[in-house]
Amino acid sequence: MSDLELRARERDAADPLAAVRTRFVLDEAVYLDGNSLGALPAAVPGRMEDVVRRQWGSLRIRSWDESGWWTAPERIGDRIAPLVGAAPGQIVVGDSTSVNVFKALVAAVRLARGTAGAEGRRDEIVVDATTFPTDGYIAGSAARMTGCTLRPVAPAEVPDALGDRTAAVLLNHVDYRTGRLHDLPGLTAAVHAAGAVAVWDLCHSAGALPVGLDEHGVDLAVGCTYKYLNGGPGSPAYLYVRRELQDRFDSPLPGWNSHAEPFGMRADYEPAAGALRGRVGTPDILSMLALEAALEVWDGVSVDAVRAKSLALTDFFLECVAAYAPEGVVESLTPAAHAERGSQVALRCPDAGEVMKRLIASGVVGDHRPPDVLRFGFTPLYVGFADAERAARILADTLS
């Protein structure tokens with residue numbers, strides 16, 4: 001047994017989160033794609049059996065009240081809240097990340113223009129130039145609809161790009177390709193100093209590291225739940241609206257579910273109080289309740305402990321890759337500094353797509369982004385140090 005294998009065993013034996021692994025349905029593969037789709041929590045199938053057979057099958061329409069379907073968006077939002085550093089009453093679950101980005105961006109422009117003296121001057125939306133493409137597409141559409149100019153800017157250059165024309169800034173907490181962690185506190189402060197509204201995409205950070213939405217005064221945030229929150233394919237996203245902004249949050253998608261009297265069926269729209277303004281139409285109950293069951297894996301787990309293990313895992317994986325892989329074949333795109341690293345490792349190598357196919361065939365599941373990036377997502381709730389060592393060893397064999 002090599003020194004790295006021995007160290008992996010020792011660290012797994014001392015891991016305070018090791019027992020959480022039993023809360024998931026896993027097999028012999030090393031699953032390092034939780035940054036795209038989290039593993040199945042073991043409690044979900046039984047819960048869905050009850051939702052389908054009893055709540056839907058027997059209670060039918062009564063379940064909107066008796067099974068709590070109607071209040072699920074805010075109830076599950078409150079379950080997510082501590083994972084992103086938010087107090088209750090500020091997160092509503094529903095729709096996709098894309099829809100929530102649209103709601104948040106247009107509402108952000110409206111909030112910025114509602115500031116005293118800002119009307120007519122706030123006509124620019126700044127967007128992360130390295131963002132996931134859909135965020136950029138939606139930011140462009142939101143800019144056209146609000147009469148704004150779209151300005152793509154690299155996150156590090158955002159403070160210098162801000163001014164009295166900036167209405168809203170859309171940023172990713174973690175870069176989806178490289179795993180780089182951006183400075184949420186510093187960038188949010190810079191946006192506020194310019195009089196603009198900060199919107200953060202948390203898809204690659206929620207459930208992997210502390211976010212601190214309330215602590216850092218984030219205005220609006222969105223995120224998906226099928227990555228590190230393990231909610232399942234297509235599970236509903238969420239929208240965070242800071243409490244101080246809720247009475248001014250003007251959604252571009254007002255629906256009957258966000259009406260102050262949803263069953264009043266009035267022709268005029270009056271928004272509900274609080275984060276409920278972020279709701280639109282009928283909640284997607286089946287996937288929403290699967291998410292609720294999935295979130296139970298967080299019982300007794302602290303985000304700080306998850307972050308500590310995440311950094312230790314990614315450090316160890318990079319050490320193993322350096323020890324095992326042929327020299328000069330792979331290059332890490334993920335920052336070495338902990339303050340700049342999310343919970344994934346991105347390696348550049350030639351023919352990444354074919355390399356990943358061979359890795360998956362050998363029992364190491366990650367993914368790739370064209371043309372040359374291998375992505376390995378480390379979900380500390382179910383990935384261990386032996387997994388990291390094995391993945392690096394098989395990667396080296398694949399590249400040899």
# chains A, B, ... in the order shown; residues from 1 in each chain; ligands from 1

call {"tool": "select_by_dssp", "arguments": {"residues": "segment 20-138 of chain A", "states": "alpha helix (DSSP H)", "output": "mmCIF file with all heavy atoms, in the first residue's frame"}}
result
data_model
loop_
_atom_site.group_PDB
_atom_site.id
_atom_site.type_symbol
_atom_site.label_atom_id
_atom_site.label_comp_id
_atom_site.auth_asym_id
_atom_site.auth_seq_id
_atom_site.Cartn_x
_atom_site.Cartn_y
_atom_site.Cartn_z
ATOM 1 N N VAL A 44 -35.261 9.666 -0.013
ATOM 2 C CA VAL A 44 -36.153 10.213 -1.033
ATOM 3 C C VAL A 44 -37.131 9.185 -1.611
ATOM 4 O O VAL A 44 -38.331 9.478 -1.734
ATOM 5 C CB VAL A 44 -35.341 10.895 -2.157
ATOM 6 C CG1 VAL A 44 -36.241 11.278 -3.329
ATOM 7 C CG2 VAL A 44 -34.646 12.132 -1.614
ATOM 8 N N PRO A 45 -36.708 7.980 -2.015
ATOM 9 C CA PRO A 45 -37.673 7.052 -2.623
ATOM 10 C C PRO A 45 -38.875 6.752 -1.736
ATOM 11 O O PRO A 45 -40.023 6.767 -2.208
ATOM 12 C CB PRO A 45 -36.830 5.788 -2.889
ATOM 13 C CG PRO A 45 -35.432 6.308 -3.063
ATOM 14 C CD PRO A 45 -35.328 7.425 -2.081
ATOM 15 N N GLY A 46 -38.654 6.485 -0.453
ATOM 16 C CA GLY A 46 -39.774 6.205 0.430
ATOM 17 C C GLY A 46 -40.692 7.392 0.607
ATOM 18 O O GLY A 46 -41.923 7.251 0.655
ATOM 19 N N ARG A 47 -40.093 8.593 0.688
ATOM 20 C CA ARG A 47 -40.915 9.791 0.825
ATOM 21 C C ARG A 47 -41.772 10.004 -0.420
ATOM 22 O O ARG A 47 -42.954 10.348 -0.318
ATOM 23 C CB ARG A 47 -40.020 11.008 1.055
ATOM 24 C CG ARG A 47 -40.805 12.299 1.305
ATOM 25 C CD ARG A 47 -41.518 12.260 2.650
ATOM 26 N NE ARG A 47 -40.585 11.946 3.710
ATOM 27 C CZ ARG A 47 -39.768 12.844 4.264
ATOM 28 N NH1 ARG A 47 -39.793 14.106 3.894
ATOM 29 N NH2 ARG A 47 -38.931 12.470 5.224
ATOM 30 N N MET A 48 -41.200 9.767 -1.589
ATOM 31 C CA MET A 48 -41.959 9.967 -2.813
ATOM 32 C C MET A 48 -43.065 8.926 -2.972
ATOM 33 O O MET A 48 -44.109 9.202 -3.555
ATOM 34 C CB MET A 48 -41.030 9.956 -4.024
ATOM 35 C CG MET A 48 -40.057 11.136 -4.056
ATOM 36 S SD MET A 48 -40.878 12.729 -3.753
ATOM 37 C CE MET A 48 -41.934 12.827 -5.186
ATOM 38 N N GLU A 49 -42.832 7.749 -2.444
ATOM 39 C CA GLU A 49 -43.881 6.727 -2.445
ATOM 40 C C GLU A 49 -45.097 7.235 -1.674
ATOM 41 O O GLU A 49 -46.244 7.101 -2.112
ATOM 42 C CB GLU A 49 -43.347 5.446 -1.806
ATOM 43 C CG GLU A 49 -44.370 4.346 -1.597
ATOM 44 C CD GLU A 49 -44.681 3.561 -2.857
ATOM 45 O OE1 GLU A 49 -43.980 3.771 -3.872
ATOM 46 O OE2 GLU A 49 -45.631 2.753 -2.831
ATOM 47 N N ASP A 50 -44.840 7.879 -0.528
ATOM 48 C CA ASP A 50 -45.934 8.433 0.264
ATOM 49 C C ASP A 50 -46.595 9.605 -0.455
ATOM 50 O O ASP A 50 -47.824 9.722 -0.468
ATOM 51 C CB ASP A 50 -45.405 8.899 1.620
ATOM 52 C CG ASP A 50 -46.488 9.554 2.460
ATOM 53 O OD1 ASP A 50 -47.384 8.841 2.942
ATOM 54 O OD2 ASP A 50 -46.450 10.796 2.610
ATOM 55 N N SER A 63 -54.586 17.565 -0.166
ATOM 56 C CA SER A 63 -53.183 17.669 0.225
ATOM 57 C C SER A 63 -52.632 19.081 0.135
ATOM 58 O O SER A 63 -51.617 19.392 0.765
ATOM 59 C CB SER A 63 -52.317 16.723 -0.622
ATOM 60 O OG SER A 63 -52.313 15.424 -0.053
ATOM 61 N N TRP A 64 -53.288 19.952 -0.626
ATOM 62 C CA TRP A 64 -52.808 21.334 -0.649
ATOM 63 C C TRP A 64 -52.822 21.934 0.755
ATOM 64 O O TRP A 64 -51.926 22.693 1.125
ATOM 65 C CB TRP A 64 -53.652 22.193 -1.599
ATOM 66 C CG TRP A 64 -53.340 21.926 -3.031
ATOM 67 C CD1 TRP A 64 -54.088 21.225 -3.925
ATOM 68 C CD2 TRP A 64 -52.154 22.332 -3.739
ATOM 69 N NE1 TRP A 64 -53.454 21.175 -5.148
ATOM 70 C CE2 TRP A 64 -52.268 21.849 -5.064
ATOM 71 C CE3 TRP A 64 -51.022 23.063 -3.391
ATOM 72 C CZ2 TRP A 64 -51.288 22.066 -6.038
ATOM 73 C CZ3 TRP A 64 -50.038 23.285 -4.352
ATOM 74 C CH2 TRP A 64 -50.178 22.789 -5.651
ATOM 75 N N ASP A 65 -53.813 21.540 1.556
ATOM 76 C CA ASP A 65 -53.871 21.997 2.944
ATOM 77 C C ASP A 65 -53.324 20.939 3.899
ATOM 78 O O ASP A 65 -52.425 21.212 4.697
ATOM 79 C CB ASP A 65 -55.313 22.329 3.343
ATOM 80 C CG ASP A 65 -55.834 23.574 2.654
ATOM 81 O OD1 ASP A 65 -55.041 24.512 2.474
ATOM 82 O OD2 ASP A 65 -57.023 23.599 2.286
ATOM 83 N N GLU A 66 -53.847 19.728 3.816
ATOM 84 C CA GLU A 66 -53.548 18.709 4.815
ATOM 85 C C GLU A 66 -52.117 18.186 4.739
ATOM 86 O O GLU A 66 -51.555 17.744 5.751
ATOM 87 C CB GLU A 66 -54.547 17.556 4.699
ATOM 88 C CG GLU A 66 -55.976 17.983 5.023
ATOM 89 C CD GLU A 66 -56.982 16.841 4.895
ATOM 90 O OE1 GLU A 66 -56.568 15.668 5.081
ATOM 91 O OE2 GLU A 66 -58.166 17.104 4.608
ATOM 92 N N ALA A 72 -45.248 24.784 0.805
ATOM 93 C CA ALA A 72 -43.950 24.148 0.549
ATOM 94 C C ALA A 72 -42.879 25.120 0.058
ATOM 95 O O ALA A 72 -41.724 25.030 0.497
ATOM 96 C CB ALA A 72 -44.119 22.989 -0.427
ATOM 97 N N PRO A 73 -43.175 26.057 -0.853
ATOM 98 C CA PRO A 73 -42.104 26.930 -1.366
ATOM 99 C C PRO A 73 -41.381 27.719 -0.281
ATOM 100 O O PRO A 73 -40.148 27.825 -0.301
ATOM 101 C CB PRO A 73 -42.845 27.855 -2.339
ATOM 102 C CG PRO A 73 -44.001 27.035 -2.826
ATOM 103 C CD PRO A 73 -44.436 26.274 -1.608
ATOM 104 N N GLU A 74 -42.105 28.270 0.669
ATOM 105 C CA GLU A 74 -41.440 29.026 1.721
ATOM 106 C C GLU A 74 -40.914 28.116 2.837
ATOM 107 O O GLU A 74 -39.886 28.396 3.452
ATOM 108 C CB GLU A 74 -42.343 30.115 2.300
ATOM 109 C CG GLU A 74 -43.699 29.660 2.805
ATOM 110 C CD GLU A 74 -44.800 29.761 1.750
ATOM 111 O OE1 GLU A 74 -44.495 29.621 0.543
ATOM 112 O OE2 GLU A 74 -45.967 29.964 2.145
ATOM 113 N N ARG A 75 -41.611 26.991 3.097
ATOM 114 C CA ARG A 75 -41.135 26.065 4.127
ATOM 115 C C ARG A 75 -39.776 25.468 3.734
ATOM 116 O O ARG A 75 -38.846 25.411 4.542
ATOM 117 C CB ARG A 75 -42.164 24.945 4.317
ATOM 118 C CG ARG A 75 -41.786 23.947 5.405
ATOM 119 C CD ARG A 75 -42.854 22.897 5.593
ATOM 120 N NE ARG A 75 -42.918 21.928 4.480
ATOM 121 C CZ ARG A 75 -43.955 21.799 3.659
ATOM 122 N NH1 ARG A 75 -45.026 22.559 3.800
ATOM 123 N NH2 ARG A 75 -43.931 20.891 2.689
ATOM 124 N N ILE A 76 -39.667 25.051 2.486
ATOM 125 C CA ILE A 76 -38.402 24.470 2.019
ATOM 126 C C ILE A 76 -37.356 25.573 1.859
ATOM 127 O O ILE A 76 -36.164 25.348 2.072
ATOM 128 C CB ILE A 76 -38.626 23.695 0.710
ATOM 129 C CG1 ILE A 76 -39.681 22.590 0.947
ATOM 130 C CG2 ILE A 76 -37.334 23.068 0.210
ATOM 131 C CD1 ILE A 76 -40.135 21.882 -0.306
ATOM 132 N N GLY A 77 -37.806 26.780 1.534
ATOM 133 C CA GLY A 77 -36.887 27.908 1.493
ATOM 134 C C GLY A 77 -36.232 28.144 2.838
ATOM 135 O O GLY A 77 -35.020 28.418 2.930
ATOM 136 N N ASP A 78 -37.015 28.017 3.899
ATOM 137 C CA ASP A 78 -36.459 28.180 5.236
ATOM 138 C C ASP A 78 -35.503 27.044 5.586
ATOM 139 O O ASP A 78 -34.605 27.220 6.429
ATOM 140 C CB ASP A 78 -37.585 28.247 6.274
ATOM 141 C CG ASP A 78 -38.299 29.594 6.283
ATOM 142 O OD1 ASP A 78 -37.780 30.551 5.678
ATOM 143 O OD2 ASP A 78 -39.393 29.683 6.887
ATOM 144 N N ARG A 79 -35.677 25.890 4.954
ATOM 145 C CA ARG A 79 -34.753 24.770 5.179
ATOM 146 C C ARG A 79 -33.407 25.032 4.487
ATOM 147 O O ARG A 79 -32.347 24.649 4.982
ATOM 148 C CB ARG A 79 -35.391 23.479 4.649
ATOM 149 C CG ARG A 79 -34.653 22.204 5.028
ATOM 150 C CD ARG A 79 -34.783 21.933 6.517
ATOM 151 N NE ARG A 79 -33.985 20.808 6.946
ATOM 152 C CZ ARG A 79 -34.472 19.579 7.154
ATOM 153 N NH1 ARG A 79 -35.742 19.341 6.965
ATOM 154 N NH2 ARG A 79 -33.689 18.614 7.576
ATOM 155 N N ILE A 80 -33.461 25.707 3.358
ATOM 156 C CA ILE A 80 -32.236 26.041 2.627
ATOM 157 C C ILE A 80 -31.516 27.219 3.270
ATOM 158 O O ILE A 80 -30.281 27.317 3.232
ATOM 159 C CB ILE A 80 -32.574 26.352 1.150
ATOM 160 C CG1 ILE A 80 -33.042 25.083 0.434
ATOM 161 C CG2 ILE A 80 -31.385 26.967 0.410
ATOM 162 C CD1 ILE A 80 -33.590 25.331 -0.957
ATOM 163 N N THR A 97 -33.512 27.911 -12.147
ATOM 164 C CA THR A 97 -32.528 28.970 -11.907
ATOM 165 C C THR A 97 -32.662 30.066 -12.951
ATOM 166 O O THR A 97 -32.600 31.259 -12.636
ATOM 167 C CB THR A 97 -31.100 28.395 -11.949
ATOM 168 O OG1 THR A 97 -31.001 27.298 -11.037
ATOM 169 C CG2 THR A 97 -30.071 29.443 -11.578
ATOM 170 N N SER A 98 -32.848 29.682 -14.198
ATOM 171 C CA SER A 98 -32.947 30.661 -15.287
ATOM 172 C C SER A 98 -34.097 31.630 -15.058
ATOM 173 O O SER A 98 -33.945 32.854 -15.211
ATOM 174 C CB SER A 98 -33.125 29.941 -16.631
ATOM 175 O OG SER A 98 -32.055 29.059 -16.868
ATOM 176 N N VAL A 99 -35.255 31.101 -14.681
ATOM 177 C CA VAL A 99 -36.415 31.964 -14.428
ATOM 178 C C VAL A 99 -36.138 32.881 -13.251
ATOM 179 O O VAL A 99 -36.478 34.075 -13.269
ATOM 180 C CB VAL A 99 -37.670 31.107 -14.178
ATOM 181 C CG1 VAL A 99 -38.845 31.969 -13.729
ATOM 182 C CG2 VAL A 99 -38.046 30.344 -15.446
ATOM 183 N N ASN A 100 -35.485 32.363 -12.226
ATOM 184 C CA ASN A 100 -35.203 33.183 -11.057
ATOM 185 C C ASN A 100 -34.141 34.246 -11.341
ATOM 186 O O ASN A 100 -34.190 35.341 -10.770
ATOM 187 C CB ASN A 100 -34.794 32.302 -9.874
ATOM 188 C CG ASN A 100 -35.988 31.621 -9.233
ATOM 189 O OD1 ASN A 100 -37.040 32.235 -9.066
ATOM 190 N ND2 ASN A 100 -35.853 30.355 -8.898
ATOM 191 N N VAL A 101 -33.184 33.935 -12.209
ATOM 192 C CA VAL A 101 -32.219 34.963 -12.626
ATOM 193 C C VAL A 101 -32.957 36.111 -13.312
ATOM 194 O O VAL A 101 -32.684 37.291 -13.064
ATOM 195 C CB VAL A 101 -31.149 34.368 -13.560
ATOM 196 C CG1 VAL A 101 -30.332 35.482 -14.222
ATOM 197 C CG2 VAL A 101 -30.217 33.442 -12.787
ATOM 198 N N PHE A 102 -33.903 35.772 -14.176
ATOM 199 C CA PHE A 102 -34.674 36.807 -14.877
ATOM 200 C C PHE A 102 -35.463 37.659 -13.883
ATOM 201 O O PHE A 102 -35.427 38.890 -13.930
ATOM 202 C CB PHE A 102 -35.629 36.149 -15.876
ATOM 203 C CG PHE A 102 -36.547 37.122 -16.551
ATOM 204 C CD1 PHE A 102 -36.096 37.975 -17.544
ATOM 205 C CD2 PHE A 102 -37.886 37.193 -16.184
ATOM 206 C CE1 PHE A 102 -36.943 38.881 -18.163
ATOM 207 C CE2 PHE A 102 -38.748 38.087 -16.789
ATOM 208 C CZ PHE A 102 -38.279 38.941 -17.786
ATOM 209 N N LYS A 103 -36.160 37.004 -12.954
ATOM 210 C CA LYS A 103 -36.923 37.741 -11.953
ATOM 211 C C LYS A 103 -36.012 38.674 -11.158
ATOM 212 O O LYS A 103 -36.321 39.850 -10.939
ATOM 213 C CB LYS A 103 -37.621 36.765 -10.992
ATOM 214 C CG LYS A 103 -38.839 36.064 -11.556
ATOM 215 C CD LYS A 103 -39.560 35.271 -10.472
ATOM 216 C CE LYS A 103 -39.057 33.876 -10.351
ATOM 217 N NZ LYS A 103 -39.829 33.054 -9.380
ATOM 218 N N ALA A 104 -34.880 38.130 -10.715
ATOM 219 C CA ALA A 104 -33.993 38.905 -9.861
ATOM 220 C C ALA A 104 -33.376 40.084 -10.601
ATOM 221 O O ALA A 104 -33.296 41.196 -10.063
ATOM 222 C CB ALA A 104 -32.894 38.001 -9.302
ATOM 223 N N LEU A 105 -32.938 39.876 -11.837
ATOM 224 C CA LEU A 105 -32.261 40.950 -12.571
ATOM 225 C C LEU A 105 -33.203 42.101 -12.904
ATOM 226 O O LEU A 105 -32.865 43.269 -12.716
ATOM 227 C CB LEU A 105 -31.647 40.407 -13.856
ATOM 228 C CG LEU A 105 -30.155 40.098 -13.837
ATOM 229 C CD1 LEU A 105 -29.678 39.737 -15.233
ATOM 230 C CD2 LEU A 105 -29.347 41.258 -13.284
ATOM 231 N N VAL A 106 -34.378 41.770 -13.421
ATOM 232 C CA VAL A 106 -35.323 42.841 -13.757
ATOM 233 C C VAL A 106 -35.753 43.574 -12.489
ATOM 234 O O VAL A 106 -35.819 44.814 -12.458
ATOM 235 C CB VAL A 106 -36.541 42.283 -14.519
ATOM 236 C CG1 VAL A 106 -37.580 43.380 -14.747
ATOM 237 C CG2 VAL A 106 -36.102 41.691 -15.857
ATOM 238 N N ALA A 107 -36.026 42.830 -11.434
ATOM 239 C CA ALA A 107 -36.396 43.464 -10.164
ATOM 240 C C ALA A 107 -35.255 44.322 -9.632
ATOM 241 O O ALA A 107 -35.483 45.388 -9.045
ATOM 242 C CB ALA A 107 -36.784 42.402 -9.138
ATOM 243 N N ALA A 108 -34.000 43.872 -9.845
ATOM 244 C CA ALA A 108 -32.847 44.646 -9.386
ATOM 245 C C ALA A 108 -32.770 45.992 -10.093
ATOM 246 O O ALA A 108 -32.491 47.024 -9.469
ATOM 247 C CB ALA A 108 -31.563 43.852 -9.623
ATOM 248 N N VAL A 109 -33.011 45.993 -11.407
ATOM 249 C CA VAL A 109 -33.005 47.251 -12.155
ATOM 250 C C VAL A 109 -34.101 48.174 -11.620
ATOM 251 O O VAL A 109 -33.883 49.384 -11.417
ATOM 252 C CB VAL A 109 -33.180 47.005 -13.656
ATOM 253 C CG1 VAL A 109 -33.345 48.324 -14.416
ATOM 254 C CG2 VAL A 109 -31.986 46.227 -14.213
ATOM 255 N N ARG A 110 -35.264 47.616 -11.378
ATOM 256 C CA ARG A 110 -36.370 48.423 -10.855
ATOM 257 C C ARG A 110 -36.038 48.969 -9.472
ATOM 258 O O ARG A 110 -36.371 50.122 -9.154
ATOM 259 C CB ARG A 110 -37.647 47.584 -10.819
ATOM 260 C CG ARG A 110 -38.163 47.231 -12.213
ATOM 261 C CD ARG A 110 -39.340 46.270 -12.160
ATOM 262 N NE ARG A 110 -39.881 46.040 -13.497
ATOM 263 C CZ ARG A 110 -40.858 45.165 -13.769
ATOM 264 N NH1 ARG A 110 -41.410 44.453 -12.792
ATOM 265 N NH2 ARG A 110 -41.293 45.023 -15.005
ATOM 266 N N LEU A 111 -35.380 48.165 -8.646
ATOM 267 C CA LEU A 111 -34.974 48.637 -7.320
ATOM 268 C C LEU A 111 -33.970 49.776 -7.441
ATOM 269 O O LEU A 111 -34.069 50.796 -6.750
ATOM 270 C CB LEU A 111 -34.356 47.489 -6.525
ATOM 271 C CG LEU A 111 -35.302 46.456 -5.917
ATOM 272 C CD1 LEU A 111 -34.539 45.215 -5.464
ATOM 273 C CD2 LEU A 111 -36.062 47.058 -4.736
ATOM 274 N N ALA A 112 -32.988 49.615 -8.329
ATOM 275 C CA ALA A 112 -31.962 50.641 -8.495
ATOM 276 C C ALA A 112 -32.554 51.950 -9.000
ATOM 277 O O ALA A 112 -32.167 53.037 -8.560
ATOM 278 C CB ALA A 112 -30.882 50.148 -9.455
ATOM 279 N N ARG A 113 -33.494 51.846 -9.901
ATOM 280 C CA ARG A 113 -34.111 53.052 -10.464
ATOM 281 C C ARG A 113 -35.081 53.701 -9.490
ATOM 282 O O ARG A 113 -35.449 54.862 -9.656
ATOM 283 C CB ARG A 113 -34.814 52.706 -11.771
ATOM 284 C CG ARG A 113 -33.824 52.434 -12.898
ATOM 285 C CD ARG A 113 -34.500 52.010 -14.168
ATOM 286 N NE ARG A 113 -33.536 51.924 -15.264
ATOM 287 C CZ ARG A 113 -33.824 51.418 -16.460
ATOM 288 N NH1 ARG A 113 -35.042 50.962 -16.704
ATOM 289 N NH2 ARG A 113 -32.895 51.380 -17.398
ATOM 290 N N PRO A 133 -23.318 30.267 -19.561
ATOM 291 C CA PRO A 133 -23.938 30.958 -20.695
ATOM 292 C C PRO A 133 -25.373 31.418 -20.482
ATOM 293 O O PRO A 133 -25.732 32.533 -20.872
ATOM 294 C CB PRO A 133 -23.839 29.926 -21.819
ATOM 295 C CG PRO A 133 -22.603 29.148 -21.485
ATOM 296 C CD PRO A 133 -22.599 29.054 -19.983
ATOM 297 N N THR A 134 -26.215 30.591 -19.865
ATOM 298 C CA THR A 134 -27.611 30.978 -19.697
ATOM 299 C C THR A 134 -27.755 32.277 -18.917
ATOM 300 O O THR A 134 -28.593 33.116 -19.243
ATOM 301 C CB THR A 134 -28.412 29.860 -18.996
ATOM 302 O OG1 THR A 134 -28.436 28.709 -19.847
ATOM 303 C CG2 THR A 134 -29.842 30.292 -18.735
ATOM 304 N N ASP A 135 -26.943 32.470 -17.885
ATOM 305 C CA ASP A 135 -27.007 33.718 -17.131
ATOM 306 C C ASP A 135 -26.745 34.902 -18.048
ATOM 307 O O ASP A 135 -27.379 35.958 -17.935
ATOM 308 C CB ASP A 135 -25.987 33.710 -15.988
ATOM 309 C CG ASP A 135 -26.443 32.879 -14.798
ATOM 310 O OD1 ASP A 135 -27.352 32.049 -14.974
ATOM 311 O OD2 ASP A 135 -25.887 33.047 -13.699
ATOM 312 N N GLY A 136 -25.796 34.732 -18.953
ATOM 313 C CA GLY A 136 -25.500 35.798 -19.902
ATOM 314 C C GLY A 136 -26.635 36.045 -20.868
ATOM 315 O O GLY A 136 -26.969 37.206 -21.174
ATOM 316 N N TYR A 137 -27.255 34.965 -21.346
ATOM 317 C CA TYR A 137 -28.392 35.125 -22.265
ATOM 318 C C TYR A 137 -29.521 35.899 -21.590
ATOM 319 O O TYR A 137 -30.117 36.815 -22.178
ATOM 320 C CB TYR A 137 -28.944 33.767 -22.699
ATOM 321 C CG TYR A 137 -27.951 32.802 -23.307
ATOM 322 C CD1 TYR A 137 -28.187 31.422 -23.256
ATOM 323 C CD2 TYR A 137 -26.788 33.228 -23.933
ATOM 324 C CE1 TYR A 137 -27.304 30.514 -23.808
ATOM 325 C CE2 TYR A 137 -25.902 32.320 -24.484
ATOM 326 C CZ TYR A 137 -26.164 30.958 -24.411
ATOM 327 O OH TYR A 137 -25.293 30.052 -24.952
ATOM 328 N N ILE A 138 -29.824 35.495 -20.351
ATOM 329 C CA ILE A 138 -30.940 36.130 -19.634
ATOM 330 C C ILE A 138 -30.600 37.576 -19.285
ATOM 331 O O ILE A 138 -31.454 38.463 -19.369
ATOM 332 C CB ILE A 138 -31.294 35.316 -18.382
ATOM 333 C CG1 ILE A 138 -31.908 33.980 -18.814
ATOM 334 C CG2 ILE A 138 -32.259 36.078 -17.485
ATOM 335 C CD1 ILE A 138 -32.145 33.015 -17.702
#

call {"tool": "select_by_dssp", "arguments": {"residues": "segment 61-196 of chain A", "states": "strand (DSSP E or B)", "output": "ChimeraX atom specification"}}
result
/A:91-93,124-128,149-153,166-172,174,180-181

call {"tool": "closest_atom_pairs", "arguments": {"of": "segment 53-136 of chain A", "to": "segment 265-284 of chain A", "cutoff": "8 Å", "atoms": "only C-alpha atoms", "output": "tab-separated table"}}
result
residue	atom	partner	partner_atom	distance
A:Trp70	CA	A:Pro283	CA	7.9
A:Pro73	CA	A:Pro283	CA	7.2
A:Glu74	CA	A:Leu276	CA	7.3
A:Gly89	CA	A:Ala275	CA	6.4
A:Gln90	CA	A:Ala275	CA	5.2
A:Ile91	CA	A:Ala275	CA	6.1
A:Val92	CA	A:Ala275	CA	6.1
A:Val93	CA	A:Arg279	CA	7.9
A:Gly94	CA	A:Pro283	CA	6.3
A:Asp95	CA	A:Pro283	CA	7.9
A:Lys103	CA	A:Gly278	CA	7.7

call {"tool": "write_last_selection", "arguments": {"atoms": "C-alpha atoms", "output": "PDB file, in the first residue's frame"}}
result
ATOM      1  CA  TRP A  70     -49.418  25.184  -0.500  1.00  0.00           C
ATOM      2  CA  PRO A  73     -42.104  26.930  -1.366  1.00  0.00           C
ATOM      3  CA  GLU A  74     -41.440  29.026   1.721  1.00  0.00           C
ATOM      4  CA  GLY A  89     -38.552  34.318   5.567  1.00  0.00           C
ATOM      5  CA  GLN A  90     -36.218  35.410   2.766  1.00  0.00           C
ATOM      6  CA  ILE A  91     -36.083  32.416   0.408  1.00  0.00           C
ATOM      7  CA  VAL A  92     -38.822  30.996  -1.758  1.00  0.00           C
ATOM      8  CA  VAL A  93     -38.383  27.759  -3.718  1.00  0.00           C
ATOM      9  CA  GLY A  94     -39.760  27.266  -7.206  1.00  0.00           C
ATOM     10  CA  ASP A  95     -39.152  27.642 -10.939  1.00  0.00           C
ATOM     11  CA  LYS A 103     -36.923  37.741 -11.953  1.00  0.00           C
TER      12      LYS A 103
END

call {"tool": "closest_atom_pairs", "arguments": {"of": "segment 325-381 of chain A", "to": "segment 170-193 of chain A", "cutoff": "12 Å", "atoms": "only C-alpha atoms", "output": "Markdown table"}}
result
| residue | atom | partner | partner_atom | distance |
| --- | --- | --- | --- | --- |
| A:Glu331 | CA | A:Thr178 | CA | 11.3 |
| A:Ser332 | CA | A:Thr178 | CA | 8.6 |
| A:Leu333 | CA | A:Thr178 | CA | 5.5 |
| A:Thr334 | CA | A:Thr178 | CA | 5.3 |
| A:Pro335 | CA | A:Arg180 | CA | 6.2 |
| A:Ala336 | CA | A:Arg180 | CA | 9.5 |
| A:Ala337 | CA | A:Arg180 | CA | 9.6 |
| A:His338 | CA | A:Leu181 | CA | 8.7 |
| A:Ala339 | CA | A:Leu181 | CA | 7.1 |
| A:Glu340 | CA | A:Leu181 | CA | 4.5 |
| A:Arg341 | CA | A:Leu181 | CA | 4.8 |
| A:Gly342 | CA | A:Leu181 | CA | 5.1 |
| A:Ser343 | CA | A:Gly179 | CA | 6.7 |
| A:Gln344 | CA | A:Gly179 | CA | 5.3 |
| A:Val345 | CA | A:Gly179 | CA | 6.2 |
| A:Ala346 | CA | A:Thr178 | CA | 5.2 |
| A:Leu347 | CA | A:Thr178 | CA | 8.1 |
| A:Arg348 | CA | A:Thr178 | CA | 9.5 |
| A:Asp367 | CA | A:Arg177 | CA | 10.6 |
| A:His368 | CA | A:Arg177 | CA | 8.9 |
| A:Arg369 | CA | A:Arg177 | CA | 7.1 |
| A:Pro370 | CA | A:Arg177 | CA | 9.8 |
| A:Pro371 | CA | A:Arg177 | CA | 11.2 |
| A:Asp372 | CA | A:Arg177 | CA | 10.6 |
| A:Val373 | CA | A:Arg177 | CA | 7.6 |
| A:Leu374 | CA | A:Arg177 | CA | 8.9 |
| A:Arg375 | CA | A:Arg177 | CA | 7.4 |
| A:Phe376 | CA | A:Gly179 | CA | 9.4 |
| A:Gly377 | CA | A:Gly179 | CA | 8.9 |
| A:Phe378 | CA | A:Gly179 | CA | 10.8 |

call {"tool": "closest_atom_pairs", "arguments": {"of": "segment 131-222 of chain A", "to": "segment 288-309 of chain A", "cutoff": "12 Å", "atoms": "only C-alpha atoms", "output": "Markdown table"}}
result
| residue | atom | partner | partner_atom | distance |
| --- | --- | --- | --- | --- |
| A:Ser205 | CA | A:Arg307 | CA | 10.1 |
| A:Ala206 | CA | A:Val303 | CA | 9.3 |
| A:Gly207 | CA | A:Val303 | CA | 7.0 |
| A:Ala208 | CA | A:Arg307 | CA | 6.2 |
| A:Leu209 | CA | A:Arg307 | CA | 4.9 |
| A:Pro210 | CA | A:Val303 | CA | 6.0 |
| A:Val211 | CA | A:Val303 | CA | 9.3 |
| A:Gly212 | CA | A:Val303 | CA | 10.8 |
